[in-house]
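A.B. asks: mmCIF, C-alpha atoms, file work_36.cif:
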data_run
#
loop_
_atom_site.label_atom_id
_atom_site.label_comp_id
_atom_site.auth_asym_id
_atom_site.auth_seq_id
_atom_site.Cartn_x
_atom_site.Cartn_y
_atom_site.Cartn_z
CA MET A 1284 4.49 -15.55 -37.06
CA ASN A 1285 8.19 -16.32 -36.59
CA GLU A 1286 9.61 -19.39 -34.94
CA ASN A 1287 10.90 -17.56 -31.87
CA VAL A 1288 7.38 -16.88 -30.82
CA GLN A 1289 6.38 -20.46 -31.37
CA THR A 1290 8.95 -21.73 -28.89
CA ILE A 1291 6.88 -20.05 -26.14
CA GLY A 1292 4.05 -22.30 -27.21
CA LEU A 1293 0.86 -21.07 -28.76
CA PRO A 1294 -2.37 -22.96 -28.20
CA ALA A 1295 -3.36 -24.33 -31.56
CA LYS A 1296 -7.06 -23.60 -31.39
CA THR A 1297 -8.69 -20.91 -29.29
CA GLY A 1298 -11.38 -18.28 -29.68
CA GLY A 1299 -10.71 -15.41 -32.07
CA TRP A 1300 -9.83 -12.55 -29.73
CA LEU A 1301 -8.21 -14.89 -27.29
CA HIS A 1302 -6.03 -16.20 -30.07
CA TYR A 1303 -5.12 -12.66 -31.07
CA LEU A 1304 -4.06 -11.74 -27.53
CA ALA A 1305 -2.29 -15.04 -26.96
CA ASN A 1306 0.53 -14.12 -29.31
CA PRO A 1307 3.39 -12.74 -27.18
CA GLY A 1308 5.08 -11.26 -30.26
CA ARG A 1309 1.96 -9.34 -31.19
CA PHE A 1310 1.55 -8.23 -27.59
CA LEU A 1311 5.10 -6.91 -27.64
CA ARG A 1312 4.55 -5.01 -30.90
CA THR A 1313 1.27 -3.50 -29.64
CA ILE A 1314 2.38 -2.55 -26.16
CA ARG A 1315 5.91 -1.21 -26.74
CA PRO A 1316 4.97 2.09 -28.47
CA ILE A 1317 2.24 2.73 -25.86
CA LEU A 1318 4.45 2.25 -22.79
CA PRO A 1319 6.26 5.64 -22.72
CA TRP A 1320 2.97 7.47 -23.23
CA ALA A 1321 1.17 5.50 -20.53
CA GLY A 1322 4.11 5.99 -18.17
CA SER A 1323 4.20 9.75 -18.75
CA ALA A 1324 0.44 10.08 -18.41
CA SER A 1325 0.53 8.12 -15.16
CA PHE A 1326 3.33 10.31 -13.80
CA ILE A 1327 1.60 13.57 -14.77
CA LEU A 1328 -1.79 12.49 -13.40
CA THR A 1329 -0.28 11.32 -10.12
CA VAL A 1330 1.70 14.55 -9.66
CA VAL A 1331 -1.34 16.71 -10.53
CA GLY A 1332 -3.56 14.72 -8.17
CA ILE A 1333 -1.07 14.75 -5.29
CA VAL A 1334 -0.30 18.47 -5.63
CA TRP A 1335 -4.00 19.29 -5.94
CA GLY A 1336 -4.86 17.11 -2.97
CA TYR A 1337 -2.06 18.22 -0.68
CA GLN A 1338 -1.90 21.89 -1.65
CA PHE A 1339 -5.22 23.10 -2.99
CA ALA A 1340 -7.98 20.77 -1.80
CA PRO A 1341 -9.66 21.86 1.45
CA ALA A 1342 -8.72 20.21 4.74
CA ASP A 1343 -11.29 17.86 6.23
CA TRP A 1344 -13.70 19.25 8.84
CA GLU A 1345 -13.00 16.44 11.28
CA GLN A 1346 -9.46 15.24 10.62
CA GLY A 1347 -7.89 18.42 9.25
CA ASP A 1348 -4.79 17.92 7.14
CA ALA A 1349 -4.34 14.30 8.23
CA ALA A 1350 -7.16 13.24 5.87
CA ARG A 1351 -4.91 14.19 2.93
CA ILE A 1352 -3.19 10.82 3.32
CA MET A 1353 -6.23 9.42 1.51
CA TYR A 1354 -4.91 10.76 -1.81
CA VAL A 1355 -2.22 8.06 -1.58
CA HIS A 1356 -3.89 5.47 0.65
CA VAL A 1357 -7.20 5.05 -1.18
CA PRO A 1358 -5.81 4.76 -4.76
CA ALA A 1359 -3.15 2.33 -3.50
CA ALA A 1360 -5.82 0.19 -1.84
CA TRP A 1361 -8.03 0.19 -4.96
CA VAL A 1362 -5.13 -0.71 -7.25
CA ALA A 1363 -3.97 -3.43 -4.85
CA MET A 1364 -7.42 -5.07 -5.02
CA ALA A 1365 -7.87 -4.54 -8.78
CA GLY A 1366 -4.38 -5.98 -9.25
CA TYR A 1367 -5.35 -9.10 -7.37
CA ALA A 1368 -8.54 -9.39 -9.42
CA ALA A 1369 -6.37 -9.20 -12.55
CA LEU A 1370 -4.07 -11.85 -11.08
CA ALA A 1371 -7.03 -14.15 -10.42
CA LEU A 1372 -8.34 -13.58 -13.96
CA CYS A 1373 -4.92 -14.42 -15.44
CA SER A 1374 -4.86 -17.55 -13.27
CA LEU A 1375 -8.25 -18.59 -14.62
CA PHE A 1376 -7.00 -18.16 -18.19
CA SER A 1377 -3.86 -20.05 -17.23
CA ILE A 1378 -5.67 -23.02 -15.70
CA VAL A 1379 -8.56 -23.36 -18.13
CA TRP A 1380 -7.13 -22.22 -21.47
CA ARG A 1381 -3.40 -22.74 -20.78
CA HIS A 1382 -2.82 -19.25 -22.10
CA PRO A 1383 0.97 -18.59 -22.30
CA LEU A 1384 0.66 -14.83 -21.90
CA ALA A 1385 -1.58 -15.28 -18.83
CA ASP A 1386 1.21 -17.24 -17.12
CA ILE A 1387 3.72 -14.48 -17.80
CA ALA A 1388 1.23 -11.80 -16.75
CA ALA A 1389 0.46 -13.60 -13.46
CA GLU A 1390 4.18 -13.85 -12.72
CA GLU A 1391 4.68 -10.13 -13.37
CA ILE A 1392 1.54 -8.77 -11.66
CA GLY A 1393 2.55 -10.26 -8.30
CA PRO A 1394 5.46 -7.98 -7.32
CA VAL A 1395 3.71 -4.81 -8.57
CA GLY A 1396 0.48 -5.63 -6.72
CA ALA A 1397 2.43 -6.47 -3.57
CA GLY A 1398 4.13 -3.07 -3.84
CA PHE A 1399 0.81 -1.22 -4.01
CA THR A 1400 -0.54 -3.27 -1.09
CA PHE A 1401 2.54 -2.34 0.90
CA VAL A 1402 2.01 1.36 0.13
CA CYS A 1403 -1.63 0.97 1.24
CA LEU A 1404 -0.63 -0.69 4.53
CA VAL A 1405 2.14 1.80 5.36
CA SER A 1406 0.11 4.91 4.46
CA GLY A 1407 -2.80 3.48 6.44
CA ALA A 1408 -0.59 3.00 9.50
CA LEU A 1409 0.67 6.57 9.19
CA TRP A 1410 -2.93 7.77 8.96
CA GLY A 1411 -4.09 5.58 11.83
CA LYS A 1412 -1.57 6.80 14.40
CA PRO A 1413 -2.62 10.48 14.52
CA MET A 1414 -6.37 9.84 14.00
CA TRP A 1415 -7.21 6.57 15.77
CA GLY A 1416 -4.30 6.61 18.16
CA ALA A 1417 -2.80 3.34 16.89
CA TYR A 1418 -0.65 2.34 13.92
CA TRP A 1419 -2.28 -1.05 13.70
CA VAL A 1420 -5.36 -2.79 15.07
CA TRP A 1421 -6.56 -6.30 14.28
CA ASP A 1422 -9.94 -5.33 12.88
CA ALA A 1423 -11.49 -7.14 9.92
CA ARG A 1424 -10.55 -4.55 7.27
CA LEU A 1425 -6.90 -4.22 8.25
CA THR A 1426 -6.44 -7.95 8.75
CA SER A 1427 -8.02 -8.86 5.41
CA VAL A 1428 -5.74 -6.39 3.60
CA LEU A 1429 -2.74 -7.88 5.41
CA ILE A 1430 -3.89 -11.30 4.16
CA LEU A 1431 -4.03 -9.83 0.64
CA PHE A 1432 -0.40 -8.77 1.07
CA PHE A 1433 0.59 -12.27 2.21
CA LEU A 1434 -1.32 -13.82 -0.71
CA TYR A 1435 0.71 -11.67 -3.09
CA LEU A 1436 3.97 -12.67 -1.35
CA GLY A 1437 2.95 -16.34 -1.40
CA HIS A 1438 2.13 -16.12 -5.09
CA ILE A 1439 5.46 -14.43 -5.87
CA ALA A 1440 7.32 -17.20 -4.05
CA LEU A 1441 5.26 -20.13 -5.37
CA ILE A 1442 5.33 -19.19 -9.06
CA ARG A 1443 9.15 -19.11 -8.94
CA ALA A 1444 9.58 -22.14 -6.68
CA PHE A 1445 9.67 -24.94 -9.29
CA ASP A 1446 12.43 -25.99 -11.69
CA ASN A 1447 9.72 -26.83 -14.17
CA LYS A 1448 8.09 -23.45 -14.89
CA ALA A 1449 4.76 -25.02 -15.85
CA HIS A 1450 4.39 -26.63 -12.39
CA GLY A 1451 4.93 -23.23 -10.77
CA TYR A 1452 2.29 -21.66 -13.00
CA ARG A 1453 -0.32 -24.30 -12.09
CA ALA A 1454 0.34 -24.17 -8.36
CA ALA A 1455 0.41 -20.36 -8.22
CA ALA A 1456 -2.75 -20.11 -10.31
CA ILE A 1457 -4.61 -22.32 -7.83
CA LEU A 1458 -3.35 -20.16 -4.94
CA ALA A 1459 -4.40 -16.95 -6.73
CA LEU A 1460 -7.88 -18.29 -7.52
CA ALA A 1461 -8.44 -19.55 -3.97
CA GLY A 1462 -7.22 -16.22 -2.59
CA ALA A 1463 -9.75 -14.31 -4.67
CA VAL A 1464 -12.30 -15.20 -1.97
CA ASN A 1465 -10.53 -12.54 0.10
CA LEU A 1466 -11.51 -9.69 -2.26
CA PRO A 1467 -15.22 -9.45 -1.36
CA ILE A 1468 -14.23 -9.91 2.29
CA ILE A 1469 -12.01 -6.81 2.09
CA VAL A 1470 -14.72 -4.76 0.39
CA TYR A 1471 -17.57 -5.75 2.72
CA SER A 1472 -15.55 -6.18 5.96
CA VAL A 1473 -16.59 -2.70 7.12
CA GLN A 1474 -20.26 -3.56 6.60
CA TRP A 1475 -20.34 -7.12 7.91
CA TRP A 1476 -18.47 -6.54 11.16
CA ASN A 1477 -17.75 -3.76 13.61
CA THR A 1478 -14.41 -2.32 12.58
CA LEU A 1479 -12.27 0.59 13.68
CA HIS A 1480 -11.77 1.40 10.00
CA GLN A 1481 -14.54 3.69 8.78
CA GLY A 1482 -17.14 2.53 6.28
CA ASN A 1483 -16.96 2.97 2.52
CA THR A 1484 -17.04 6.61 1.42
CA ILE A 1485 -17.51 5.84 -2.24
CA SER A 1486 -19.79 2.96 -3.13
CA ILE A 1487 -21.37 1.86 -6.37
CA SER A 1488 -24.90 2.10 -4.99
CA GLY A 1489 -24.84 5.31 -2.95
CA GLY A 1490 -23.55 8.83 -3.60
CA ALA A 1491 -19.97 9.74 -2.73
CA LYS A 1492 -19.78 11.02 0.84
CA ILE A 1493 -16.96 13.37 -0.09
CA TYR A 1494 -16.94 17.00 -1.15
CA VAL A 1495 -16.34 17.56 -4.90
CA THR A 1496 -13.10 19.53 -4.55
CA MET A 1497 -11.70 16.64 -2.51
CA LEU A 1498 -13.17 14.00 -4.82
CA TYR A 1499 -11.53 15.30 -8.03
CA PRO A 1500 -7.90 15.06 -6.85
CA LEU A 1501 -8.72 11.62 -5.40
CA LEU A 1502 -10.06 10.41 -8.77
CA ILE A 1503 -7.08 11.90 -10.64
CA CYS A 1504 -4.66 10.16 -8.27
CA THR A 1505 -6.61 6.93 -8.73
CA LEU A 1506 -6.35 7.21 -12.51
CA GLY A 1507 -2.62 7.92 -12.18
CA PHE A 1508 -2.10 4.92 -9.90
CA TYR A 1509 -4.08 2.60 -12.21
CA LEU A 1510 -2.10 3.74 -15.25
CA GLY A 1511 1.11 3.36 -13.26
CA PHE A 1512 0.16 -0.20 -12.33
CA LEU A 1513 -0.71 -1.08 -15.94
CA THR A 1514 2.50 0.50 -17.25
CA MET A 1515 4.68 -1.34 -14.76
CA VAL A 1516 2.97 -4.68 -15.37
CA CYS A 1517 3.08 -4.32 -19.19
CA ALA A 1518 6.72 -3.24 -19.10
CA ARG A 1519 7.55 -6.26 -16.95
CA ILE A 1520 5.61 -8.59 -19.28
CA ALA A 1521 7.43 -7.12 -22.31
CA ALA A 1522 10.77 -7.63 -20.56
CA ALA A 1523 9.83 -11.19 -19.61
CA ILE A 1524 8.85 -12.02 -23.21
CA CYS A 1525 12.16 -10.62 -24.47
CA GLU A 1526 13.99 -12.64 -21.82
CA ARG A 1527 12.30 -15.86 -22.93
CA LYS A 1528 13.02 -15.07 -26.58
CA THR A 1529 16.68 -14.47 -25.79
CA ALA A 1530 16.88 -17.65 -23.79
CA SER A 1531 15.31 -19.75 -26.56
CA LEU A 1532 17.57 -18.16 -29.21
CA LEU A 1533 20.65 -18.89 -27.10
CA LEU A 1534 19.45 -22.45 -26.54
CA ALA A 1535 18.91 -22.92 -30.25
CA ALA A 1536 22.38 -21.53 -30.97
CA VAL A 1537 23.95 -23.92 -28.47
CA GLU A 1538 22.06 -26.89 -29.93
CA ARG A 1539 23.22 -25.99 -33.42
CA GLY A 1540 26.74 -26.03 -31.99
CA MET B 164 -18.02 -34.86 -25.80
CA ARG B 165 -16.49 -32.29 -23.47
CA THR B 166 -13.21 -30.72 -24.42
CA PRO B 167 -10.43 -30.64 -21.78
CA LYS B 168 -10.82 -26.84 -21.62
CA LYS B 169 -14.51 -27.09 -20.76
CA ARG B 170 -13.80 -29.77 -18.19
CA ARG B 171 -11.17 -27.60 -16.52
CA LEU B 172 -13.53 -24.60 -16.57
CA TYR B 173 -16.29 -26.59 -14.85
CA LEU B 174 -13.75 -27.92 -12.35
CA VAL B 175 -12.60 -24.39 -11.50
CA ILE B 176 -16.20 -23.18 -11.14
CA ALA B 177 -17.10 -26.14 -8.90
CA CYS B 178 -14.02 -25.65 -6.73
CA GLY B 179 -14.75 -21.91 -6.52
CA LEU B 180 -18.34 -22.53 -5.40
CA CYS B 181 -17.27 -25.05 -2.75
CA LEU B 182 -14.52 -22.78 -1.47
CA SER B 183 -16.82 -19.75 -1.34
CA ALA B 184 -19.43 -21.76 0.54
CA ALA B 185 -16.82 -23.04 3.00
CA VAL B 186 -15.39 -19.57 3.62
CA GLY B 187 -18.86 -18.04 3.88
CA LEU B 188 -19.99 -20.59 6.45
CA THR B 189 -16.76 -20.19 8.43
CA LEU B 190 -17.09 -16.42 8.51
CA ALA B 191 -20.75 -16.69 9.52
CA ALA B 192 -19.84 -19.12 12.30
CA PHE B 193 -17.06 -16.89 13.63
CA SER B 194 -18.87 -13.60 13.09
CA SER B 195 -18.89 -12.78 16.81
CA THR B 196 -15.12 -13.16 17.13
CA LEU B 197 -14.40 -11.29 13.90
CA THR B 198 -16.07 -8.25 15.33
CA PHE B 199 -13.55 -5.72 16.56
CA PHE B 200 -15.68 -4.42 19.42
CA LEU B 201 -18.86 -5.02 21.40
CA SER B 202 -21.60 -2.42 21.33
CA PRO B 203 -23.07 -1.15 24.63
CA ARG B 204 -26.25 -3.13 23.91
CA GLU B 205 -24.23 -6.34 23.64
CA VAL B 206 -22.36 -5.47 26.82
CA VAL B 207 -25.62 -4.93 28.71
CA SER B 208 -27.14 -8.18 27.44
CA LYS B 209 -24.02 -10.38 27.66
CA HIS B 210 -22.57 -9.08 30.94
CA PRO B 211 -18.85 -9.77 30.33
CA ALA B 212 -17.21 -10.96 33.55
CA GLU B 213 -15.49 -8.34 35.66
CA GLY B 214 -11.82 -8.11 34.80
CA LEU B 215 -12.31 -9.81 31.40
CA SER B 216 -10.63 -7.66 28.77
CA PHE B 217 -12.66 -6.67 25.73
CA ARG B 218 -13.23 -3.75 23.37
CA LEU B 219 -16.22 -1.50 23.77
CA GLY B 220 -17.28 0.56 20.79
CA GLY B 221 -19.90 3.24 20.27
CA VAL B 222 -20.44 6.94 20.34
CA VAL B 223 -19.49 9.30 23.16
CA GLN B 224 -22.84 10.28 24.67
CA VAL B 225 -23.55 14.00 24.54
CA GLY B 226 -23.28 15.75 27.91
CA THR B 227 -21.49 12.93 29.75
CA VAL B 228 -17.84 13.96 29.38
CA GLN B 229 -16.26 15.03 32.66
CA THR B 230 -12.53 15.51 33.00
CA THR B 231 -10.73 15.83 36.33
CA LEU B 232 -7.04 16.57 36.70
CA SER B 233 -5.11 14.79 39.43
CA GLY B 234 -1.57 16.12 39.20
CA GLU B 235 -0.46 15.86 35.58
CA THR B 236 -2.69 13.12 34.19
CA PRO B 237 -6.33 13.80 33.37
CA THR B 238 -9.03 11.28 34.24
CA THR B 239 -12.05 11.35 31.99
CA HIS B 240 -15.48 9.92 32.72
CA PHE B 241 -17.88 9.53 29.82
CA ALA B 242 -20.58 7.19 28.56
CA VAL B 243 -20.43 5.17 25.34
CA THR B 244 -23.79 4.62 23.67
CA ASP B 245 -25.22 2.99 20.57
CA GLY B 246 -28.58 4.72 20.92
CA ARG B 247 -30.16 1.80 22.77
CA ALA B 248 -27.90 1.33 25.77
CA ALA B 249 -25.07 3.24 27.41
CA VAL B 250 -22.03 2.06 29.36
CA PRO B 251 -20.10 4.41 31.67
CA VAL B 252 -16.38 4.53 30.95
CA MET B 253 -13.41 5.78 32.95
CA PHE B 254 -10.07 6.53 31.33
CA THR B 255 -6.88 7.93 32.81
CA GLY B 256 -4.52 9.44 30.28
CA VAL B 257 -4.48 11.64 27.21
CA LEU B 258 -7.36 11.06 24.80
CA PRO B 259 -6.94 11.10 20.99
CA ASP B 260 -7.28 14.51 19.31
CA LEU B 261 -10.52 13.49 17.63
CA PHE B 262 -12.23 12.71 20.93
CA ARG B 263 -15.40 14.78 21.35
CA GLU B 264 -19.08 14.35 22.16
CA GLY B 265 -20.77 12.36 19.43
CA GLN B 266 -17.45 10.89 18.29
CA GLY B 267 -17.16 7.18 17.59
CA VAL B 268 -14.67 5.55 19.96
CA VAL B 269 -13.34 2.08 20.73
CA ALA B 270 -12.21 1.63 24.34
CA ILE B 271 -10.05 -1.34 25.37
CA GLY B 272 -10.34 -2.47 28.97
CA SER B 273 -12.64 -4.38 31.30
CA MET B 274 -15.69 -3.90 33.49
CA GLY B 275 -14.94 -2.99 37.10
CA THR B 276 -16.89 -4.09 40.16
CA ASP B 277 -18.47 -0.63 40.20
CA GLY B 278 -20.20 -1.27 36.87
CA VAL B 279 -17.88 1.19 35.12
CA PHE B 280 -15.77 0.18 32.13
CA HIS B 281 -12.14 0.86 33.01
CA ALA B 282 -10.38 1.67 29.76
CA ASP B 283 -6.64 1.16 29.32
CA GLU B 284 -6.71 2.62 25.85
CA VAL B 285 -9.19 4.75 23.88
CA LEU B 286 -9.10 4.80 20.07
CA ALA B 287 -11.07 7.31 18.02
CA LYS B 288 -13.19 6.02 15.13
CA HIS B 289 -13.71 8.74 12.56
CA GLY B 290 -16.52 9.05 10.05
CA SER B 291 -16.45 8.23 6.36
CA ALA B 292 -17.71 11.64 5.17
CA TYR B 293 -15.13 14.16 4.00
CA MET B 294 -16.01 17.82 3.62
CA PRO B 295 -14.40 21.22 4.23
CA LYS B 296 -14.94 22.96 7.57
CA ASP B 297 -17.05 25.65 5.83
CA VAL B 298 -19.51 23.12 4.52
CA GLU B 299 -19.83 21.50 7.93
CA GLN B 300 -20.42 24.94 9.48
CA SER B 301 -23.10 25.90 6.96
CA LEU B 302 -24.86 22.54 7.42
CA LYS B 303 -24.78 23.15 11.16
CA GLU B 304 -26.09 26.71 10.81
CA ALA B 305 -28.88 25.52 8.53
CA GLY B 306 -29.83 23.01 11.21
CA LYS B 307 -29.39 20.10 8.80
CA TRP B 308 -26.66 18.33 10.75
CA ASP B 309 -24.99 18.38 14.12
CA PRO B 310 -21.91 16.13 14.33
CA LYS B 311 -22.85 15.41 17.93
CA PHE B 312 -25.90 13.47 16.80
CA GLY B 313 -24.84 11.01 14.18
CA PRO B 314 -23.55 10.91 10.61
CA PRO B 315 -24.20 13.67 8.06
CA PRO B 316 -27.35 13.72 5.91
CA ASP B 317 -27.59 12.29 2.41
CA ALA B 318 -24.38 13.08 0.54
CA SER B 319 -26.10 14.57 -2.50
CA SER B 320 -27.44 17.40 -0.29
CA TRP B 321 -23.94 18.70 0.52
CA ASN B 322 -21.19 17.24 -1.65
CA THR B 323 -21.58 19.94 -4.30
CA MET B 324 -22.93 22.84 -2.24
CA PRO B 325 -20.93 26.10 -2.54
CA GLU B 326 -18.03 26.17 -0.12
CA LYS B 327 -18.77 29.63 1.28
CA THR B 328 -22.41 30.56 1.68
CA GLY B 329 -21.74 34.32 1.81
CA SER B 330 -24.35 35.94 4.05
#
For the file at hand, write its structure as structure tokens.
C.D. replies:
Amino acid sequence: MNENVQTIGLPAKTGGWLHYLANPGRFLRTIRPILPWAGSASFILTVVGIVWGYQFAPADWEQGDAARIMYVHVPAAWVAMAGYAALALCSLFSIVWRHPLADIAAEEIGPVGAGFTFVCLVSGALWGKPMWGAYWVWDARLTSVLILFFLYLGHIALIRAFDNKAHGYRAAAILALAGAVNLPIIVYSVQWWNTLHQGNTISISGGAKIYVTMLYPLLICTLGFYLGFLTMVCARIAAAICERKTASLLLAAVERG
Amino acid sequence: MRTPKKRRLYLVIACGLCLSAAVGLTLAAFSSTLTFFLSPREVVSKHPAEGLSFRLGGVVQVGTVQTTLSGETPTTHFAVTDGRAAVPVMFTGVLPDLFREGQGVVAIGSMGTDGVFHADEVLAKHGSAYMPKDVEQSLKEAGKWDPKFGPPPDASSWNTMPEKTGS
């Protein structure tokens, strides 16, 4: 363990695996060789899924070709929610175990998750206009996803709002944890209340109400989007660690004179 | 002796439980306003005042759609039902492409003095089952499903059936 890493501040005593992951230097060494592969895999999967979905999968019986928007909309929505769950988990690690990597991860997940939420909202509006007859309605599903988007934006702003980084991390972690209440609301909004948005097609309990040749491209796109999210977040974390290292080296050089 | 980490963990869990309870109670209390539309049964039992704007949601009742053309704009009369009650609706204008008998719709408007819901806007609510046209046709031919009368049967009976059933 070199001294550059230590300037980021390692907790002295933690659980075994937690301790292993808590080392930003080790994270950097592990993740860097994987990044190009994960990025390429994400790109290939997304392209295969999109081309399959838009070119070869059958059109829907009811909505025709308009239903093909789901190959973008649904994976984006899933990743947006999973991203927020990851953000909340990082915030828990940040608050309870004061995990340095969790702080950096929370800071870097925000913009990526907000991006996916934005894609979900825009693709949903483009789907809604031809099918429902409206870009936007204030039903429970749409509103709760809009709140998710605002939570992401609030987190992005709050975590960068303090001169003392640690204060920003605490405040943003509390916001992220409180906002996690919204996740089950998004998932169950279509069951709890009357909504214009249709019910869940794919649920954990029941079978998928989607034909197999439409399901496969959807799953491939989902895998591509998830990998894309992970790649972007890990690349951002790696860049942030390097940035902090550079900053601390420069600071040390200045102090030495 | 509790470590600071344990204390913080318990604090987070306690705060999370309180927050979840607060949000849950709030949502339960406001459940009627969080609902995007009223069903015909609720309309019949609650009697919204004439002229009061609200959203009516349900399924277009089979055999009730009548369209008359006056000049350029069509006027459509139909009934929205939830299986237990039905409310007659009148709409002047072009309906969404998905509009058909048995289709879920949300109409925005108010009750008139004639007991008819005057809609200013009609939105189509589509189903959550995705399948090719061929599969829908073969389900229909086999008498297993008619889109006019509700959602498709159990997904496992059709989501892997062959796309073209030959004969």
A.B. asks: Which residue is closest to chain A? Choose from B:Phe217, B:Phe280, B:Phe254, B:Phe199 and count all atoms listed in the file.
C.D. replies: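 Looking at the shortest contact to chain A, the residue is B:Phe199.
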A.B. asks: For a cut-off of 12 Å around (-20.5, 10.8, 31.0), file coordinates, pick out all residues using all atoms listed in the file and list them as an MDAnalysis selection string.
C.D. replies: chainID B and resid 222:230 238:244 249:254 263:265 279:280
A.B. asks: Which chain A residues are at most 10 Å from chain B (counting all atoms listed in the file), as a PyMOL selection string?
C.D. replies: chain A and resi 1297+1340-1347+1350+1375-1376+1378-1381+1411-1417+1420-1424+1457+1460-1465+1468+1472-1473+1475-1485+1489-1498
A.B. asks: Show which residues sit within 9 Å of range 1391-1395 of chain A, as a list in words. Count all atoms listed in the file, and ignore same-chain residues fewer than 5 positions away.
C.D. replies: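 Within the cut-off, the hits are Ala1363, Gly1366, Tyr1367, Ala1369, Leu1370, Asp1386, Thr1400, Tyr1435, Leu1436, His1438, Ile1439, Phe1512, Met1515, Val1516, Cys1517, Arg1519, Ile1520 and Ala1523 of chain A.
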A.B. asks: Could you check how far CA of Ser1377 in chain A sits from CA of Arg1312 in chain A, in Å to one decimal?
C.D. replies: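 According to the coordinates, CA of Ser1377 in chain A and CA of Arg1312 in chain A are separated by 22.0 Å.
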A.B. asks: Have a look at CA of Leu1458 in chain A and CA of Gly1507 in chain A and let me know their distance in Å, one decimal.
C.D. replies: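 Interatomic distance here is 29.0 Å.
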